[in-house]
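Below is the file target_10.cif, which contains mmCIF, C-alpha atoms.
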```cif
data_work
#
loop_
_atom_site.label_atom_id
_atom_site.label_comp_id
_atom_site.auth_asym_id
_atom_site.auth_seq_id
_atom_site.Cartn_x
_atom_site.Cartn_y
_atom_site.Cartn_z
CA MET A 177 86.02 109.71 89.49
CA GLU A 178 86.56 109.77 85.77
CA HIS A 179 87.66 106.61 84.00
CA LYS A 180 89.72 107.24 80.89
CA PHE A 181 91.42 104.58 78.85
CA ASN A 182 93.21 104.66 75.53
CA THR A 183 91.61 101.74 73.70
CA SER A 184 93.73 102.17 70.57
CA LEU A 185 96.56 100.24 72.23
CA VAL A 186 95.01 96.79 71.97
CA SER A 187 93.17 94.61 69.53
CA GLY A 188 90.66 92.82 71.67
CA PHE A 189 88.32 89.98 70.93
CA GLY A 190 85.50 88.20 72.68
CA PRO A 191 81.77 87.98 73.20
CA ALA A 192 79.54 91.05 73.21
CA LYS A 193 78.32 90.13 76.69
CA MET A 194 80.89 91.37 79.19
CA LEU A 195 81.19 91.44 82.98
CA PRO A 196 79.20 94.70 83.47
CA ASP A 197 76.26 92.94 81.77
CA LEU A 198 76.16 90.23 84.45
CA LYS A 199 74.61 90.10 87.91
CA PHE A 200 76.68 88.41 90.62
CA ALA A 201 74.49 85.29 90.42
CA GLU A 202 75.30 85.02 86.71
CA MET A 203 79.08 85.22 87.19
CA GLU A 204 80.00 81.58 86.77
CA ALA A 205 83.46 80.03 86.60
CA GLY A 206 84.57 79.60 83.01
CA PHE A 207 82.64 82.62 81.68
CA ASP A 208 84.57 83.85 78.65
CA CYS A 209 85.59 87.49 79.12
CA GLY A 210 87.43 87.58 75.80
CA GLY A 211 91.00 88.75 75.46
CA GLY A 212 93.48 90.58 73.31
CA THR A 213 96.50 90.19 71.10
CA TYR A 214 99.55 92.42 70.94
CA LYS A 215 103.04 92.41 69.49
CA ILE A 216 105.87 93.33 71.85
CA THR A 217 108.00 95.99 70.22
CA ALA A 218 111.57 97.04 71.03
CA GLU A 219 110.35 100.64 71.34
CA GLU A 220 107.89 99.79 74.13
CA VAL A 221 110.43 97.63 75.92
CA ALA A 222 112.96 100.48 75.86
CA LYS A 223 110.36 102.93 77.15
CA PHE A 224 109.33 100.66 80.01
CA SER A 225 112.91 99.79 80.96
CA ALA A 226 113.84 103.47 81.11
CA LEU A 227 110.84 104.21 83.31
CA MET A 228 111.28 101.40 85.83
CA GLY A 229 115.04 101.32 85.95
CA ASP A 230 114.84 97.70 84.91
CA SER A 231 118.26 96.44 83.89
CA ASN A 232 117.13 95.37 80.44
CA LYS A 233 119.94 96.42 78.16
CA GLY A 234 118.14 96.12 74.86
CA ASP A 235 118.34 92.34 74.87
CA VAL A 236 115.58 90.23 73.42
CA MET A 237 114.01 89.56 76.83
CA VAL A 238 111.07 91.65 77.98
CA PRO A 239 111.06 93.25 81.46
CA VAL A 240 108.76 91.15 83.57
CA GLY A 241 106.59 94.09 84.68
CA MET A 242 105.49 94.63 81.08
CA ILE A 243 103.13 91.70 81.28
CA TYR A 244 101.05 93.84 83.61
CA ILE A 245 101.09 96.71 81.12
CA PHE A 246 99.53 94.53 78.47
CA GLY A 247 97.19 93.00 81.01
CA LEU A 248 95.90 96.42 82.00
CA ARG A 249 95.22 97.35 78.39
CA ILE A 250 93.27 94.18 77.76
CA CYS A 251 91.33 94.24 81.01
CA TRP A 252 90.14 97.78 80.38
CA ASP A 253 89.27 96.97 76.78
CA ARG A 254 87.25 93.92 77.85
CA LYS A 255 85.69 95.78 80.81
CA VAL A 256 87.05 93.30 83.36
CA PHE A 257 87.78 96.19 85.74
CA LEU A 258 84.27 96.96 86.95
CA ASP A 259 83.57 100.52 88.06
CA GLY A 260 84.13 100.76 91.80
CA ALA A 261 85.73 97.31 92.15
CA ILE A 262 88.89 97.15 94.27
CA ARG A 263 91.82 94.98 93.22
CA ALA A 264 92.33 92.64 96.18
CA GLY A 265 95.23 90.49 95.02
CA ASP A 266 97.04 88.59 92.30
CA LYS A 267 98.35 85.05 91.93
CA ILE A 268 101.06 84.88 89.28
CA VAL A 269 102.76 81.83 87.77
CA PHE A 270 105.60 82.43 85.33
CA HIS A 271 106.37 80.16 82.42
CA LYS A 272 108.45 80.85 79.29
CA ALA A 273 110.02 84.29 78.95
CA ALA A 274 108.40 86.83 76.64
CA LYS A 275 110.70 88.24 73.97
CA ILE A 276 110.75 91.31 71.77
CA GLY A 277 108.83 90.54 68.59
CA ASP A 278 106.58 87.97 70.27
CA THR A 279 102.88 88.15 69.53
CA ILE A 280 101.12 87.49 72.82
CA THR A 281 97.52 86.40 73.16
CA SER A 282 95.92 86.91 76.56
CA LYS A 283 92.60 85.29 77.35
CA LEU A 284 90.37 86.26 80.26
CA SER A 285 87.79 84.15 82.02
CA ILE A 286 86.05 84.01 85.37
CA ALA A 287 87.97 81.71 87.72
CA ASP A 288 85.85 81.83 90.85
CA LYS A 289 83.57 83.93 93.02
CA LYS A 290 82.98 83.90 96.73
CA GLU A 291 81.08 85.63 99.49
CA VAL A 292 82.91 86.44 102.72
CA LYS A 293 80.99 87.28 105.89
CA LYS A 294 82.45 90.13 107.90
CA GLU A 295 81.17 91.12 111.34
CA LYS A 296 81.80 94.57 112.71
CA ASP A 297 80.05 96.36 115.58
CA GLY A 298 77.45 93.59 115.74
CA LYS A 299 76.54 94.00 112.08
CA VAL A 300 77.15 91.27 109.52
CA ARG A 301 78.24 92.34 106.09
CA ILE A 302 78.83 90.06 103.12
CA ASN A 303 81.66 91.00 100.81
CA ARG A 304 81.53 89.58 97.32
CA PHE A 305 84.76 88.76 95.52
CA LEU A 306 85.36 87.80 91.91
CA SER A 307 88.52 86.15 90.54
CA VAL A 308 89.46 86.42 86.87
CA ASP A 309 92.13 84.35 85.11
CA MET A 310 94.41 85.91 82.53
CA ASN A 311 96.36 83.30 80.57
CA ALA A 312 99.01 84.62 78.18
CA THR A 313 100.63 82.56 75.43
CA ASN A 314 103.06 83.41 72.64
CA GLN A 315 102.68 82.86 68.89
CA ALA A 316 103.85 79.25 69.25
CA GLY A 317 101.22 78.55 71.88
CA ASP A 318 103.77 78.42 74.72
CA LYS A 319 102.52 79.63 78.08
CA ILE A 320 104.10 82.93 79.14
CA VAL A 321 102.33 83.79 82.36
CA ASP A 322 99.12 83.02 84.22
CA ILE A 323 97.68 85.72 86.47
CA GLN A 324 94.61 85.28 88.62
CA MET A 325 93.26 88.70 89.68
CA SER A 326 90.85 89.02 92.59
CA PHE A 327 88.47 91.93 93.05
CA LEU A 328 86.21 93.10 95.85
CA LEU A 329 83.10 93.96 93.91
CA PRO A 330 81.59 97.44 94.22
CA ALA A 331 78.89 98.27 96.74
CA SER A 332 76.29 98.23 93.98
CA MET A 333 76.94 94.49 93.56
CA GLN A 334 77.04 93.63 97.28
CA MET B 56 122.73 81.63 86.91
CA SER B 57 121.15 82.29 90.32
CA LYS B 58 122.91 84.85 92.50
CA ILE B 59 121.83 82.86 95.55
CA ASP B 60 123.54 79.66 96.66
CA PHE B 61 120.53 77.53 97.53
CA ALA B 62 122.52 75.29 99.87
CA SER B 63 123.79 78.17 101.96
CA VAL B 64 120.46 79.99 102.37
CA ASN B 65 118.89 79.59 105.81
CA ILE B 66 115.31 79.82 106.99
CA GLY B 67 114.75 83.40 108.14
CA ASP B 68 117.28 84.90 105.73
CA ALA B 69 116.24 88.17 104.10
CA LEU B 70 116.91 88.15 100.34
CA PRO B 71 118.30 91.14 98.41
CA THR B 72 115.79 93.95 97.95
CA LYS B 73 114.75 96.26 95.12
CA SER B 74 113.10 99.62 95.51
CA ILE B 75 111.28 102.16 93.37
CA VAL B 76 110.75 105.84 94.07
CA VAL B 77 107.18 106.68 93.10
CA ASP B 78 106.38 110.24 92.06
CA GLN B 79 103.64 111.75 89.94
CA GLN B 80 105.87 111.82 86.87
CA LEU B 81 106.43 108.05 87.10
CA ILE B 82 102.66 107.49 87.46
CA ASN B 83 101.97 109.75 84.46
CA ASP B 84 104.61 107.99 82.35
CA TYR B 85 103.24 104.60 83.40
CA ALA B 86 99.78 105.78 82.28
CA ASP B 87 101.25 106.77 78.90
CA ILE B 88 102.60 103.25 78.44
CA CYS B 89 99.65 101.22 79.72
CA GLY B 90 96.92 103.61 78.50
CA ASP B 91 95.18 103.84 81.88
CA TYR B 92 94.47 107.53 82.55
CA ASN B 93 91.93 107.10 85.32
CA SER B 94 91.57 110.23 87.39
CA ILE B 95 92.62 108.45 90.59
CA HIS B 96 96.05 108.10 88.99
CA VAL B 97 96.62 111.28 87.02
CA ASP B 98 94.21 114.04 88.09
CA VAL B 99 96.31 115.72 90.79
CA GLU B 100 94.01 118.73 91.21
CA GLY B 101 90.77 116.77 91.04
CA MET B 102 91.93 114.26 93.65
CA LYS B 103 92.68 117.01 96.16
CA SER B 104 88.97 117.17 96.93
CA ASN B 105 88.58 113.40 97.05
CA THR B 106 88.79 112.09 100.60
CA MET B 107 89.03 108.41 99.72
CA PHE B 108 92.81 108.54 99.32
CA GLY B 109 93.53 111.53 101.53
CA GLY B 110 93.42 114.07 98.73
CA SER B 111 96.11 112.36 96.69
CA THR B 112 96.42 110.43 93.47
CA ILE B 113 97.49 106.80 93.81
CA ALA B 114 99.80 104.69 91.68
CA HIS B 115 98.43 101.99 89.40
CA GLY B 116 98.27 98.82 91.53
CA THR B 117 100.61 97.06 89.16
CA ILE B 118 103.39 99.56 89.96
CA ASN B 119 103.24 98.28 93.56
CA VAL B 120 104.32 94.82 92.43
CA GLU B 121 107.30 96.01 90.38
CA PRO B 122 109.95 95.91 93.17
CA VAL B 123 109.26 92.29 94.02
CA LEU B 124 109.27 91.23 90.37
CA GLN B 125 112.60 92.97 89.87
CA ALA B 126 114.00 91.46 93.08
CA ILE B 127 113.05 87.93 92.00
CA CYS B 128 114.72 88.40 88.61
CA ASP B 129 117.80 89.82 90.31
CA ILE B 130 117.99 86.91 92.77
CA GLN B 131 117.64 84.43 89.93
CA GLY B 132 120.13 86.30 87.72
CA LEU B 133 117.54 86.39 84.97
CA GLN B 134 115.54 89.02 83.11
CA TRP B 135 112.34 86.99 83.35
CA PRO B 136 111.47 84.79 86.35
CA ALA B 137 112.40 81.13 85.96
CA ALA B 138 109.56 78.85 84.93
CA SER B 139 107.31 77.80 87.82
CA THR B 140 108.19 80.87 89.90
CA ARG B 141 105.07 81.98 91.75
CA VAL B 142 103.91 85.18 93.43
CA ASP B 143 100.73 85.32 95.50
CA LEU B 144 99.93 88.77 96.89
CA GLN B 145 97.17 90.76 98.49
CA PHE B 146 97.05 94.53 98.12
CA ARG B 147 96.93 96.27 101.52
CA ALA B 148 97.25 100.00 100.95
CA PRO B 149 97.53 102.34 97.99
CA VAL B 150 100.91 103.67 96.91
CA LYS B 151 101.03 107.45 96.61
CA PRO B 152 103.46 109.93 95.07
CA GLY B 153 106.36 110.39 97.47
CA PHE B 154 106.50 106.74 98.50
CA THR B 155 109.62 104.66 98.10
CA ILE B 156 108.43 101.08 97.83
CA VAL B 157 110.75 98.23 98.71
CA SER B 158 110.55 94.47 98.24
CA ASN B 159 110.93 92.36 101.37
CA LEU B 160 111.47 88.62 100.88
CA VAL B 161 112.23 86.37 103.86
CA VAL B 162 112.88 82.65 103.40
CA LYS B 163 110.41 80.48 105.32
CA GLU B 164 110.98 77.12 103.62
CA LYS B 165 113.41 75.40 101.25
CA LYS B 166 112.17 72.61 99.04
CA THR B 167 113.05 70.66 95.92
CA ASP B 168 110.24 69.84 93.53
CA ALA B 169 110.66 68.01 90.21
CA GLY B 170 114.41 68.64 90.40
CA LYS B 171 113.98 72.38 90.99
CA ASN B 172 115.32 74.10 94.09
CA ILE B 173 112.69 76.49 95.43
CA LEU B 174 112.84 79.14 98.13
CA VAL B 175 109.42 79.71 99.65
CA CYS B 176 109.34 83.25 101.02
CA ASP B 177 107.10 85.52 102.99
CA MET B 178 106.77 88.60 100.85
CA LYS B 179 105.97 92.21 101.59
CA ILE B 180 106.10 95.37 99.56
CA GLN B 181 106.56 98.22 101.99
CA ASN B 182 106.83 101.97 101.93
CA LYS B 183 110.11 103.26 103.34
CA ASP B 184 108.27 104.08 106.60
CA GLY B 185 107.52 100.37 107.01
CA GLY B 186 103.86 100.49 106.04
CA ASP B 187 102.69 97.43 104.11
CA CYS B 188 101.43 98.15 100.60
CA ALA B 189 101.12 94.49 99.62
CA MET B 190 101.91 91.18 101.25
CA GLY B 191 101.81 87.49 100.47
CA SER B 192 104.25 84.80 99.45
CA ALA B 193 106.61 83.90 96.66
CA GLU B 194 108.12 80.65 95.43
CA ILE B 195 111.45 81.46 93.84
CA VAL B 196 113.03 78.80 91.65
CA CYS B 197 116.81 78.97 92.10
#
```
Please re-express this file's structure in structure tokens.
Amino acid sequence: MEHKFNTSLVSGFGPAKMLPDLKFAEMEAGFDCGGGTYKITAEEVAKFSALMGDSNKGDVMVPVGMIYIFGLRICWDRKVFLDGAIRAGDKIVFHKAAKIGDTITSKLSIADKKEVKKEKDGKVRINRFLSVDMNATNQAGDKIVDIQMSFLLPASMQ
Amino acid sequence: MSKIDFASVNIGDALPTKSIVVDQQLINDYADICGDYNSIHVDVEGMKSNTMFGGSTIAHGTINVEPVLQAICDIQGLQWPAASTRVDLQFRAPVKPGFTIVSNLVVKEKKTDAGKNILVCDMKIQNKDGGDCAMGSAEIVC
């Protein structure tokens, strides 16, 4: 499968060492995966609202699903989505609403990792999971949303 | 602001739903906005020979969550979920073109925390045939 991503959509920041450079044993909670900054424009809000049928009528508020749009851009830019990893789940906590014109900074870091034993047909398999925090704040430093993403790591890391 | 009267909601009540019709055009347009053009999402011809997802493209996982996010905002009468609203979900199955995905929120607990009324709900995002695409829980501040 081919992985294509338009990296011109974000301005990322962070250390040169990223998740693909780490072995599972080196993936420790608190590891800084970097992040990205973006300004929410009225044009993008209108485009997203039209696509999702969200009832945003051009007000200053941003449709809630857009936080994922920006999250995707940053996660691809910072290589948080490892090749072959499967998104297992998300834990989302909402804070202050994002508004058109806000400059949002999203920071990524390893939250946790775990190994889960699974027995099938008499064979024991260990599945390795990684959780990554994405914490988004606005230009005033107010929290916008916290998302913890969990991934089942690819077979090559099992 | 909330469209739900907290006092009159009962355990077991199903909250209003939101749905999204997913087709390839929506997935392509979503890719244009988020910049994620992975072949599993947009390469219709290439994915026909890929058995992992039954010869089909799949929607970006974040599209799956959209109905429940919209439903929560609608229930709260807001455009952005009220502060301290929580969603905890596990992805169960990929969403493919042709699916109509629907939010399903059922109240399992009512509580008041720090002066905020909260509906704790079992949450599912299902295809119209009843298959679970994602499931988990939500805490909706009313």
Check your understanding: If we count only C-alpha atoms, what is near B:Leu124 at a cut-off of 12 Å, once residues fewer than 6 positions away on the same chain are taken out, given as a ChimeraX atom specification?
Key -> /A:228,230,239-244,268-270 /B:72-75,117-118,130-131,133-137,140-144,157-160,178-180,193-195
Review point. How many Å lie between atom CA of B:Gln125 and atom CA of A:Leu258, rounded to one decimal?
Key: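 Computing it gives 28.8 Å between the two atoms.
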Practice item. Grab the atom CA of B:Phe108 to atom CA of A:Val292 distance for me, in Å with one decimal place. Key: 24.5 Å
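Of the residues listed (A:Ile320, A:Ala201, A:Ala331, A:Ile276), A:Ile320 shows the shortest atom-to-atom separation from chain B; distances use only C-alpha atoms.
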Point to revise | Residues within 10 Å of (91.0, 89.6, 75.1), counting all atoms listed in the file, listed as a PyMOL selection string | key: chain A and resi 186-191+208-214+247+249-256+281-285+310-312
Practice item. Could you expand the PyMOL selection byres ((chain B and resi 173) around 7) into the explicit residues it covers here, written as a PyMOL selection string? Key: chain B and resi 165-167+171-172+174-175+194-197
**Study point:** Contact residues around stretch 96-105 of chain B with all atoms listed in the file at 12 Å, ignoring same-chain residues under 6 positions, as a PyMOL selection string
**Key:** (chain A and resi 177-181) or (chain B and resi 77-87+90+111-118+149-152)
